[in-house]
Amino acid sequence: MASPTEERPRRTPGSITVPEIRARKRATGGEPIAMLTAYDEPGARIADAAGVDIVLVGDSVANNVLGYPDTLQVTMDDMVRHTAAVARARPGALIVGDMPWMSYHLSTDAAVANAAMLVRAGAAAVKLEGGVVRAPVIEAIVRAEIPVMGHLGLTPQSVNAMGGYRVQAKDAAAAEALIAAAKIHEAAGCFALVLEGVPELVAEQVTRAVAIPTIGIGAGPHCDGQVLVFHDLLGLGARPVPKFVRQYADLARVATEAVAAYVGDVRAGRFPADEESYHAGEALRRTLEARSPAVPGS
């Protein structure tokens, strides 16, 4: 197995498919799924080169890239633009586009049309949040031959209804309701489920209850895969990371130090140096020097 620092072979664009992901239940010997958000071509290229299985173009672009306080501000235009940017990296990973708030809430026809916009932008599947009320929408999108990933538990688009970003399914009744919702999502046609912000035992029970893979974020180690936000993993976020995040690098510190060094070099006259400048040929030099006016006082 290649070490994290070894260069990995370039995968064929789109080589990881929805049926492959659907089949990767750990209970039946499937390899755990690694999913990561990405919002642009460089991020997708990095994620794919590292071997990520699924690149999620998350509506979390709102607070990680666009400076909004929550995910409710992004539009379909935003998600189409960022999905297209990720698709230009031509990753081997499966591209999943997030459906933003109010893009699938008004009617099934609107939901299908909006899902199709993400597919045309380069996504191979879409993800949407919500409980059992979303089953008809999921069914309609799946009937249009667009694969759907569900999202249960802490659903950020419901932040106002939930009263904040709170761990969900903390009592027996809520846990049973979550398990039931997962089964309904499976029956509606979802090929995978994100479980966010739920106790690890609940996530384990959901994972056992459905034949489709679960992908956890703040849901413990028993899911069939895990997902993190690109900026949280690399230390690029402007806020404290949640408890469930493991930060693998502090790129914000490295980048700040690099930019500070550049500023210092500019102000001290050290940049650009001779080797970073383009030089005129001798003939051009003589011509320009002959045209230069005399410097006063010389």
# chains A, B, ... in the order shown; residues from 1 in each chain; ligands from 1
>>> residues_around(residues="stretch 209-211 of chain A", least_positions_apart="5", cutoff="12 Å", atoms="only C-alpha atoms", output="VMD selection string")
chain A and resid 21 to 28 30 176 178 to 187 189 to 193 202 to 204 223 to 224
>>> select_by_dssp(residues="stretch 129-280 of chain A", states="alpha helix (DSSP H)", output="PyMOL selection string")
chain A and resi 135-143+159-162+172-188+200-209+230-233+251-267
>>> atom_distance(atom1="atom CA of A:Leu36", atom2="atom CA of A:Gln226")
8.3 Å
>>> atom_distance(atom1="atom CA of A:Pro156", atom2="atom CA of A:Leu72")
8.3 Å
>>> atom_distance(atom1="atom CA of A:Val148", atom2="atom CA of A:Phe230")
21.8 Å
>>> closest_residue(among="A:Met35, A:Pro199, A:Tyr104, A:Arg285", to="A:Val229", atoms="only C-alpha atoms")
A:Met35
>>> decode(residues="stretch 97-173 of chain A", atoms="C-alpha atoms", output="tab-separated table (two decimals), in the first residue's frame")
chain	number	residue	atom	x	y	z
A	97	GLY	CA	-23.36	17.81	-5.58
A	98	ASP	CA	-25.23	19.18	-2.58
A	99	MET	CA	-28.73	20.47	-3.19
A	100	PRO	CA	-29.00	23.80	-1.36
A	101	TRP	CA	-31.78	24.99	0.89
A	102	MET	CA	-35.10	25.54	-0.93
A	103	SER	CA	-33.93	23.74	-4.09
A	104	TYR	CA	-35.99	20.62	-3.29
A	105	HIS	CA	-38.58	21.88	-0.80
A	106	LEU	CA	-41.25	23.42	-3.04
A	107	SER	CA	-42.18	20.61	-5.44
A	108	THR	CA	-40.86	17.34	-6.81
A	109	ASP	CA	-40.70	18.84	-10.31
A	110	ALA	CA	-38.49	21.68	-9.10
A	111	ALA	CA	-36.32	19.22	-7.18
A	112	VAL	CA	-35.76	17.05	-10.26
A	113	ALA	CA	-34.96	20.08	-12.40
A	114	ASN	CA	-32.48	21.39	-9.85
A	115	ALA	CA	-30.84	17.98	-9.45
A	116	ALA	CA	-30.46	17.84	-13.23
A	117	MET	CA	-28.65	21.19	-13.15
A	118	LEU	CA	-26.02	19.71	-10.84
A	119	VAL	CA	-25.63	16.66	-13.08
A	120	ARG	CA	-25.19	18.88	-16.13
A	121	ALA	CA	-22.53	20.78	-14.19
A	122	GLY	CA	-20.58	17.56	-13.63
A	123	ALA	CA	-22.02	15.75	-10.61
A	124	ALA	CA	-22.70	12.02	-10.84
A	125	ALA	CA	-25.11	12.14	-7.90
A	126	VAL	CA	-26.81	14.64	-5.58
A	127	LYS	CA	-27.22	14.87	-1.82
A	128	LEU	CA	-30.16	16.29	0.08
A	129	GLU	CA	-31.03	16.68	3.75
A	130	GLY	CA	-34.12	15.81	5.72
A	131	GLY	CA	-36.24	13.10	7.28
A	132	VAL	CA	-39.13	10.99	6.05
A	133	VAL	CA	-40.84	14.00	4.48
A	134	ARG	CA	-38.18	13.92	1.76
A	135	ALA	CA	-39.06	10.41	0.55
A	136	PRO	CA	-41.31	11.55	-2.35
A	137	VAL	CA	-38.60	13.96	-3.53
A	138	ILE	CA	-35.96	11.24	-3.39
A	139	GLU	CA	-38.19	8.86	-5.32
A	140	ALA	CA	-38.85	11.46	-8.02
A	141	ILE	CA	-35.16	12.28	-8.48
A	142	VAL	CA	-34.24	8.58	-8.58
A	143	ARG	CA	-36.97	7.98	-11.19
A	144	ALA	CA	-35.19	10.60	-13.29
A	145	GLU	CA	-32.10	8.33	-13.16
A	146	ILE	CA	-30.21	10.67	-10.85
A	147	PRO	CA	-28.61	8.89	-7.87
A	148	VAL	CA	-29.39	10.40	-4.46
A	149	MET	CA	-27.40	10.39	-1.21
A	150	GLY	CA	-29.46	11.13	1.89
A	151	HIS	CA	-28.42	13.12	4.96
A	152	LEU	CA	-29.90	12.49	8.42
A	153	GLY	CA	-29.22	13.53	11.99
A	154	LEU	CA	-27.85	17.02	12.36
A	155	THR	CA	-28.94	18.66	9.12
A	156	PRO	CA	-27.37	22.14	8.82
A	157	GLN	CA	-30.13	23.45	6.56
A	158	SER	CA	-32.49	22.90	9.52
A	159	VAL	CA	-30.35	24.90	11.94
A	160	ASN	CA	-33.14	27.31	12.81
A	161	ALA	CA	-35.71	24.58	13.39
A	162	MET	CA	-33.24	22.61	15.53
A	163	GLY	CA	-32.29	25.68	17.58
A	164	GLY	CA	-28.62	25.46	16.64
A	165	TYR	CA	-26.04	22.86	15.76
A	166	ARG	CA	-26.94	20.20	18.32
A	167	VAL	CA	-26.29	16.47	18.54
A	168	GLN	CA	-29.44	14.65	17.41
A	169	ALA	CA	-31.13	11.35	18.37
A	170	LYS	CA	-29.99	11.54	22.01
A	171	ASP	CA	-33.00	9.68	23.43
A	172	ALA	CA	-34.60	6.35	22.58
A	173	ALA	CA	-37.59	7.79	20.72
